[in-house]
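Structure file structure-v4.pdb (PDB, C-alpha atoms) follows.
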```pdb
ATOM      1  CA  MET A   1     -17.349  19.182 -30.898
ATOM      2  CA  ILE A   2     -14.457  16.795 -30.212
ATOM      3  CA  TYR A   3     -14.057  17.796 -26.544
ATOM      4  CA  LEU A   4     -17.607  16.863 -25.607
ATOM      5  CA  LYS A   5     -17.360  13.671 -27.657
ATOM      6  CA  LEU A   6     -14.149  12.714 -25.839
ATOM      7  CA  PHE A   7     -15.629  13.523 -22.437
ATOM      8  CA  PHE A   8     -18.859  11.573 -22.978
ATOM      9  CA  THR A   9     -17.154   8.624 -24.695
ATOM     10  CA  PHE A  10     -14.728   8.179 -21.821
ATOM     11  CA  PHE A  11     -17.475   8.899 -19.271
ATOM     12  CA  LYS A  12     -19.387   5.955 -20.763
ATOM     13  CA  ILE A  13     -16.259   3.792 -20.636
ATOM     14  CA  GLY A  14     -15.636   4.758 -17.010
ATOM     15  CA  LEU A  15     -19.271   4.196 -16.080
ATOM     16  CA  PHE A  16     -19.488   0.673 -17.489
ATOM     17  CA  THR A  17     -16.075  -0.624 -16.481
ATOM     18  CA  PHE A  18     -15.935  -2.873 -13.459
ATOM     19  CA  GLY A  19     -12.678  -4.422 -12.319
ATOM     20  CA  GLY A  20     -10.072  -1.816 -13.155
ATOM     21  CA  GLY A  21      -8.199  -0.557 -16.171
ATOM     22  CA  TYR A  22      -7.707  -3.828 -18.020
ATOM     23  CA  ALA A  23     -11.405  -4.582 -17.868
ATOM     24  CA  MET A  24     -12.012  -1.407 -19.859
ATOM     25  CA  LEU A  25      -9.796  -2.504 -22.756
ATOM     26  CA  PRO A  26     -12.639  -4.063 -24.788
ATOM     27  CA  LEU A  27     -14.731  -0.913 -24.326
ATOM     28  CA  ILE A  28     -11.822   1.328 -25.289
ATOM     29  CA  GLN A  29     -11.074  -0.835 -28.310
ATOM     30  CA  ALA A  30     -14.685  -0.676 -29.474
ATOM     31  CA  GLU A  31     -15.136   3.063 -28.891
ATOM     32  CA  VAL A  32     -11.804   4.094 -30.383
ATOM     33  CA  ALA A  33     -12.510   1.930 -33.434
ATOM     34  CA  ASN A  34     -16.093   3.229 -33.794
ATOM     35  CA  HIS A  35     -14.880   6.815 -33.767
ATOM     36  CA  GLY A  36     -11.834   6.043 -35.947
ATOM     37  CA  TRP A  37      -9.558   7.747 -33.455
ATOM     38  CA  LEU A  38      -6.683   5.228 -33.445
ATOM     39  CA  THR A  39      -5.765   2.076 -35.296
ATOM     40  CA  GLN A  40      -5.620  -1.187 -33.360
ATOM     41  CA  GLU A  41      -1.823  -1.122 -33.670
ATOM     42  CA  GLN A  42      -1.609   2.419 -32.262
ATOM     43  CA  LEU A  43      -3.834   1.416 -29.371
ATOM     44  CA  ILE A  44      -1.713  -1.637 -28.576
ATOM     45  CA  ASN A  45       1.440   0.442 -28.690
ATOM     46  CA  PHE A  46      -0.007   2.800 -26.163
ATOM     47  CA  VAL A  47      -1.209  -0.046 -23.954
ATOM     48  CA  ALA A  48       2.478  -0.968 -23.680
ATOM     49  CA  VAL A  49       3.414   2.654 -22.982
ATOM     50  CA  SER A  50       0.611   2.959 -20.398
ATOM     51  CA  GLU A  51       1.990  -0.029 -18.544
ATOM     52  CA  SER A  52       5.511   1.341 -18.415
ATOM     53  CA  THR A  53       4.604   4.868 -17.292
ATOM     54  CA  PRO A  54       3.522   5.936 -13.820
ATOM     55  CA  GLY A  55      -0.150   6.237 -13.016
ATOM     56  CA  PRO A  56      -3.308   4.220 -13.466
ATOM     57  CA  PHE A  57      -3.771   2.538 -16.813
ATOM     58  CA  ALA A  58      -7.245   4.011 -17.414
ATOM     59  CA  ILE A  59      -6.051   7.560 -16.882
ATOM     60  CA  ASN A  60      -2.938   7.092 -19.011
ATOM     61  CA  ILE A  61      -4.804   5.651 -21.976
ATOM     62  CA  SER A  62      -7.695   8.129 -21.844
ATOM     63  CA  THR A  63      -5.267  11.034 -21.608
ATOM     64  CA  TYR A  64      -3.313   9.698 -24.588
ATOM     65  CA  VAL A  65      -6.355   9.184 -26.813
ATOM     66  CA  GLY A  66      -7.763  12.570 -25.821
ATOM     67  CA  ASN A  67      -4.450  14.277 -26.506
ATOM     68  CA  GLN A  68      -4.132  12.575 -29.894
ATOM     69  CA  MET A  69      -7.596  13.735 -30.894
ATOM     70  CA  GLY A  70      -7.851  17.187 -29.295
ATOM     71  CA  GLY A  71      -4.494  18.270 -27.940
ATOM     72  CA  ILE A  72      -4.028  19.091 -24.274
ATOM     73  CA  LEU A  73      -7.656  20.114 -23.779
ATOM     74  CA  GLY A  74      -8.753  16.851 -25.399
ATOM     75  CA  GLY A  75      -6.552  14.925 -22.971
ATOM     76  CA  VAL A  76      -8.080  16.793 -20.036
ATOM     77  CA  CYS A  77     -11.635  16.151 -21.277
ATOM     78  CA  ALA A  78     -11.060  12.426 -21.847
ATOM     79  CA  THR A  79      -9.336  12.043 -18.485
ATOM     80  CA  LEU A  80     -12.112  13.860 -16.629
ATOM     81  CA  GLY A  81     -14.640  11.736 -18.487
ATOM     82  CA  VAL A  82     -13.064   8.447 -17.446
ATOM     83  CA  VAL A  83     -12.649   9.386 -13.762
ATOM     84  CA  MET A  84     -15.954  11.169 -13.106
ATOM     85  CA  PRO A  85     -18.125   8.026 -12.953
ATOM     86  CA  SER A  86     -15.771   6.471 -10.402
ATOM     87  CA  ILE A  87     -15.791   9.590  -8.266
ATOM     88  CA  ILE A  88     -19.578   9.831  -8.347
ATOM     89  CA  ILE A  89     -20.150   6.119  -7.729
ATOM     90  CA  ILE A  90     -17.616   5.808  -4.902
ATOM     91  CA  LEU A  91     -19.142   8.805  -3.128
ATOM     92  CA  ILE A  92     -22.574   7.151  -3.328
ATOM     93  CA  VAL A  93     -21.249   3.715  -2.337
ATOM     94  CA  ALA A  94     -19.343   5.178   0.613
ATOM     95  CA  GLN A  95     -22.607   6.571   1.927
ATOM     96  CA  ILE A  96     -24.694   3.392   1.573
ATOM     97  CA  PHE A  97     -22.300   0.413   1.570
ATOM     98  CA  ASP A  98     -22.630  -0.493   5.240
ATOM     99  CA  ARG A  99     -26.394  -0.817   4.841
ATOM    100  CA  PHE A 100     -26.178  -3.148   1.829
ATOM    101  CA  LYS A 101     -22.904  -5.086   2.160
ATOM    102  CA  ASN A 102     -24.669  -8.204   3.470
ATOM    103  CA  SER A 103     -27.486  -8.010   0.923
ATOM    104  CA  ARG A 104     -27.963 -11.151  -1.168
ATOM    105  CA  ILE A 105     -28.578  -8.938  -4.196
ATOM    106  CA  MET A 106     -25.267  -7.089  -3.687
ATOM    107  CA  GLN A 107     -23.359 -10.337  -3.109
ATOM    108  CA  GLY A 108     -24.983 -11.884  -6.183
ATOM    109  CA  CYS A 109     -24.108  -8.845  -8.259
ATOM    110  CA  MET A 110     -20.458  -9.029  -7.200
ATOM    111  CA  ALA A 111     -20.345 -12.792  -7.803
ATOM    112  CA  GLY A 112     -21.638 -12.243 -11.342
ATOM    113  CA  LEU A 113     -19.304  -9.366 -12.135
ATOM    114  CA  LYS A 114     -16.058 -11.149 -11.205
ATOM    115  CA  PRO A 115     -16.133 -13.812 -13.970
ATOM    116  CA  ALA A 116     -17.387 -11.253 -16.491
ATOM    117  CA  VAL A 117     -14.401  -9.008 -15.762
ATOM    118  CA  ILE A 118     -11.996 -11.915 -16.239
ATOM    119  CA  GLY A 119     -13.687 -12.718 -19.559
ATOM    120  CA  LEU A 120     -13.387  -9.095 -20.720
ATOM    121  CA  ILE A 121      -9.693  -9.002 -19.832
ATOM    122  CA  GLY A 122      -9.148 -12.315 -21.660
ATOM    123  CA  SER A 123     -10.988 -10.992 -24.711
ATOM    124  CA  ALA A 124      -8.813  -7.889 -24.804
ATOM    125  CA  MET A 125      -5.698 -10.033 -24.483
ATOM    126  CA  LEU A 126      -6.717 -12.259 -27.410
ATOM    127  CA  SER A 127      -7.430  -9.202 -29.523
ATOM    128  CA  MET A 128      -3.970  -7.812 -28.758
ATOM    129  CA  VAL A 129      -2.328 -11.164 -29.534
ATOM    130  CA  GLN A 130      -4.051 -11.140 -32.906
ATOM    131  CA  THR A 131      -2.873  -7.605 -33.647
ATOM    132  CA  VAL A 132       0.715  -8.229 -32.529
ATOM    133  CA  PHE A 133       1.303 -11.675 -34.053
ATOM    134  CA  PHE A 134      -1.265 -12.055 -36.818
ATOM    135  CA  THR A 135      -1.410  -8.655 -38.531
ATOM    136  CA  GLN A 136      -2.102 -10.272 -41.907
ATOM    137  CA  GLY A 137      -4.627 -12.732 -40.472
ATOM    138  CA  VAL A 138      -4.066 -16.121 -38.894
ATOM    139  CA  SER A 139      -1.360 -17.815 -40.894
ATOM    140  CA  LEU A 140       1.568 -20.138 -40.294
ATOM    141  CA  SER A 141       3.809 -17.585 -42.019
ATOM    142  CA  VAL A 142       4.122 -15.813 -38.677
ATOM    143  CA  LEU A 143       6.264 -18.764 -37.563
ATOM    144  CA  LYS A 144       8.901 -17.698 -40.105
ATOM    145  CA  THR A 145       9.493 -14.283 -38.551
ATOM    146  CA  PRO A 146      12.168 -13.579 -35.942
ATOM    147  CA  ALA A 147       9.819 -11.096 -34.273
ATOM    148  CA  PHE A 148       7.434 -13.911 -33.348
ATOM    149  CA  TYR A 149      10.140 -15.927 -31.592
ATOM    150  CA  VAL A 150      11.629 -12.908 -29.853
ATOM    151  CA  SER A 151       8.184 -11.897 -28.608
ATOM    152  CA  LEU A 152       7.346 -15.448 -27.572
ATOM    153  CA  ALA A 153      10.638 -15.840 -25.687
ATOM    154  CA  LEU A 154      10.196 -12.458 -24.035
ATOM    155  CA  PHE A 155       6.651 -13.368 -22.995
ATOM    156  CA  GLY A 156       7.856 -16.689 -21.581
ATOM    157  CA  VAL A 157      10.720 -15.186 -19.590
ATOM    158  CA  MET A 158       8.549 -12.377 -18.244
ATOM    159  CA  SER A 159       5.822 -14.852 -17.273
ATOM    160  CA  VAL A 160       8.334 -16.944 -15.323
ATOM    161  CA  LEU A 161       9.682 -13.824 -13.609
ATOM    162  CA  ALA A 162       6.132 -12.745 -12.722
ATOM    163  CA  LEU A 163       5.324 -16.201 -11.304
ATOM    164  CA  LYS A 164       8.512 -16.026  -9.241
ATOM    165  CA  LYS A 165       7.208 -12.731  -7.814
ATOM    166  CA  VAL A 166       9.935 -10.563  -9.338
ATOM    167  CA  HIS A 167       8.931  -6.953  -8.833
ATOM    168  CA  PRO A 168       6.859  -5.632 -11.794
ATOM    169  CA  ILE A 169       9.162  -2.610 -12.244
ATOM    170  CA  ILE A 170      12.102  -4.934 -12.832
ATOM    171  CA  ILE A 171      10.062  -6.981 -15.318
ATOM    172  CA  ILE A 172       9.019  -3.831 -17.199
ATOM    173  CA  CYS A 173      12.609  -2.542 -17.354
ATOM    174  CA  ILE A 174      14.026  -5.891 -18.488
ATOM    175  CA  SER A 175      11.354  -6.332 -21.176
ATOM    176  CA  ALA A 176      11.923  -2.798 -22.485
ATOM    177  CA  VAL A 177      15.692  -3.319 -22.724
ATOM    178  CA  VAL A 178      15.351  -6.739 -24.377
ATOM    179  CA  GLY A 179      12.691  -5.421 -26.755
ATOM    180  CA  ILE A 180      14.884  -2.482 -27.777
ATOM    181  CA  ALA A 181      17.924  -4.721 -28.225
ATOM    182  CA  ALA A 182      15.939  -7.262 -30.253
ATOM    183  CA  GLY A 183      14.330  -4.535 -32.339
ATOM    184  CA  TYR A 184      17.643  -2.988 -33.269
ATOM    185  CA  GLY A 185      19.437  -6.319 -33.688
ATOM    186  CA  LEU A 186      16.754  -7.898 -35.869
ATOM    187  CA  GLY A 187      15.453  -4.785 -37.564
ATOM    188  CA  LEU A 188      11.948  -5.552 -36.307
TER     189      LEU A 188
END
```
Before anything else, please render the file you have as structure tokens.
Amino acid sequence: MIYLKLFFTFFKIGLFTFGGGYAMLPLIQAEVANHGWLTQEQLINFVAVSESTPGPFAINISTYVGNQMGGILGGVCATLGVVMPSIIIILIVAQIFDRFKNSRIMQGCMAGLKPAVIGLIGSAMLSMVQTVFFTQGVSLSVLKTPAFYVSLALFGVMSVLALKKVHPIIIICISAVVGIAAGYGLGL
């Protein structure tokens, strides 16, 4: 039954994700691919949509995948699945954290998780770069396409704006407008 599969798949993703929504991207990519629910391109498109819509990334993407696979009830099941581990774990942690916050084991665990989360986020980013720029495999032919240069310029400008601490909402709005204009102007 698709509803149980959605719930338990996203429960597993929620249970093993440390570090927030982006850290779950590799898990989502693997699970969605294993089940054949979305193509890599569809997933990347919704990552962009998830970032430009209100709400936490993890909830947005789980709701989208669930809705694609099982309608509204599928979206509800996937969303409940992804949030339930956090609810359960935070309730437990809230009860015991004061007793263990100075534990060497707890501090060691946190010290080990931080670099792993950064590595997972980096891995997801590289996978998305490959899907966006190198759809036909790594080739220099990508350098001949206007879409590559538009995307590269957009990435560069948005990176500079982010480093200059421009508000993320402004960056999202600017990138959407430029992307739409470039897409219509270049027929991308």
Which residues come within 10 Å of Gln29 of chain A, counting all atoms listed in the file, excluding same-chain residues fewer than 2 positions away, as a ChimeraX atom specification? /A:24-27,31-34,38-40,43-44,124,127-128
Exercise. Have a look at atom CA of Gly122 of chain A and atom CA of Thr17 of chain A and let me know their distance in Å, one decimal.
Key: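 Those two atoms sit 14.5 Å apart.
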Report task. Report as a PyMOL selection string the residues that result from applying the PyMOL selection byres ((chain A and resi 47-58) around 9) to the structure here. Result -> chain A and resi 14+20-22+24-25+42-46+59-64+79+82-83+169+172-173+176
Convert the current residue selection to file output with C-alpha atoms, as a short mmCIF file (atom, residue, chain, number, x, y, z; two decimals), keeping the file's coordinate frame.
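selection_17.cif was written with the following content:
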```
data_model
loop_
_atom_site.label_atom_id
_atom_site.label_comp_id
_atom_site.auth_asym_id
_atom_site.auth_seq_id
_atom_site.Cartn_x
_atom_site.Cartn_y
_atom_site.Cartn_z
CA GLY A 14 -15.64 4.76 -17.01
CA GLY A 20 -10.07 -1.82 -13.16
CA GLY A 21 -8.20 -0.56 -16.17
CA TYR A 22 -7.71 -3.83 -18.02
CA MET A 24 -12.01 -1.41 -19.86
CA LEU A 25 -9.80 -2.50 -22.76
CA GLN A 42 -1.61 2.42 -32.26
CA LEU A 43 -3.83 1.42 -29.37
CA ILE A 44 -1.71 -1.64 -28.58
CA ASN A 45 1.44 0.44 -28.69
CA PHE A 46 -0.01 2.80 -26.16
CA ILE A 59 -6.05 7.56 -16.88
CA ASN A 60 -2.94 7.09 -19.01
CA ILE A 61 -4.80 5.65 -21.98
CA SER A 62 -7.70 8.13 -21.84
CA THR A 63 -5.27 11.03 -21.61
CA TYR A 64 -3.31 9.70 -24.59
CA THR A 79 -9.34 12.04 -18.48
CA VAL A 82 -13.06 8.45 -17.45
CA VAL A 83 -12.65 9.39 -13.76
CA ILE A 169 9.16 -2.61 -12.24
CA ILE A 172 9.02 -3.83 -17.20
CA CYS A 173 12.61 -2.54 -17.35
CA ALA A 176 11.92 -2.80 -22.48
#
```
Gly156 of chain A proximity check over A:Ser175, A:Ala23, A:Val142, A:Arg104, using all atoms listed in the file: winner is A:Ser175
Shortest contact to Gly179 of chain A, candidates A:Ile89, A:Leu154, A:Val166, A:Ala78, atoms counted all atoms listed in the file, goes to A:Leu154
Practice item. Could you please determine the separation between atom CA of Met110 of chain A and atom CA of Leu15 of chain A in Å, to one decimal place? Key: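 About the pair atom CA of Met110 of chain A and atom CA of Leu15 of chain A: they are 16.0 Å apart.
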Could you put an axis-aligned box around every listed atom of segment 34-45 of chain A, padded by 8 Å on each side, and send me its centre and edge lengths in Å to one decimal, as AutoDock Vina command-line options?
```
--center_x -7.3 --center_y 3.1 --center_z -32.3 --size_x 33.5 --size_y 25.4 --size_z 23.4
```
Between atom CA of Met84 of chain A and atom CA of Phe10 of chain A, measure the distance and give it in Å to one decimal.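 Computed distance, atom CA of Met84 of chain A to atom CA of Phe10 of chain A, equals 9.3 Å.
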Top pick for closest residue to Leu120 of chain A, considering A:Leu4, A:Ile174, A:Ile28, A:Met106 and counting all atoms listed in the file
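Counting all atoms listed in the file, the residue closest to Leu120 of chain A is A:Ile28.
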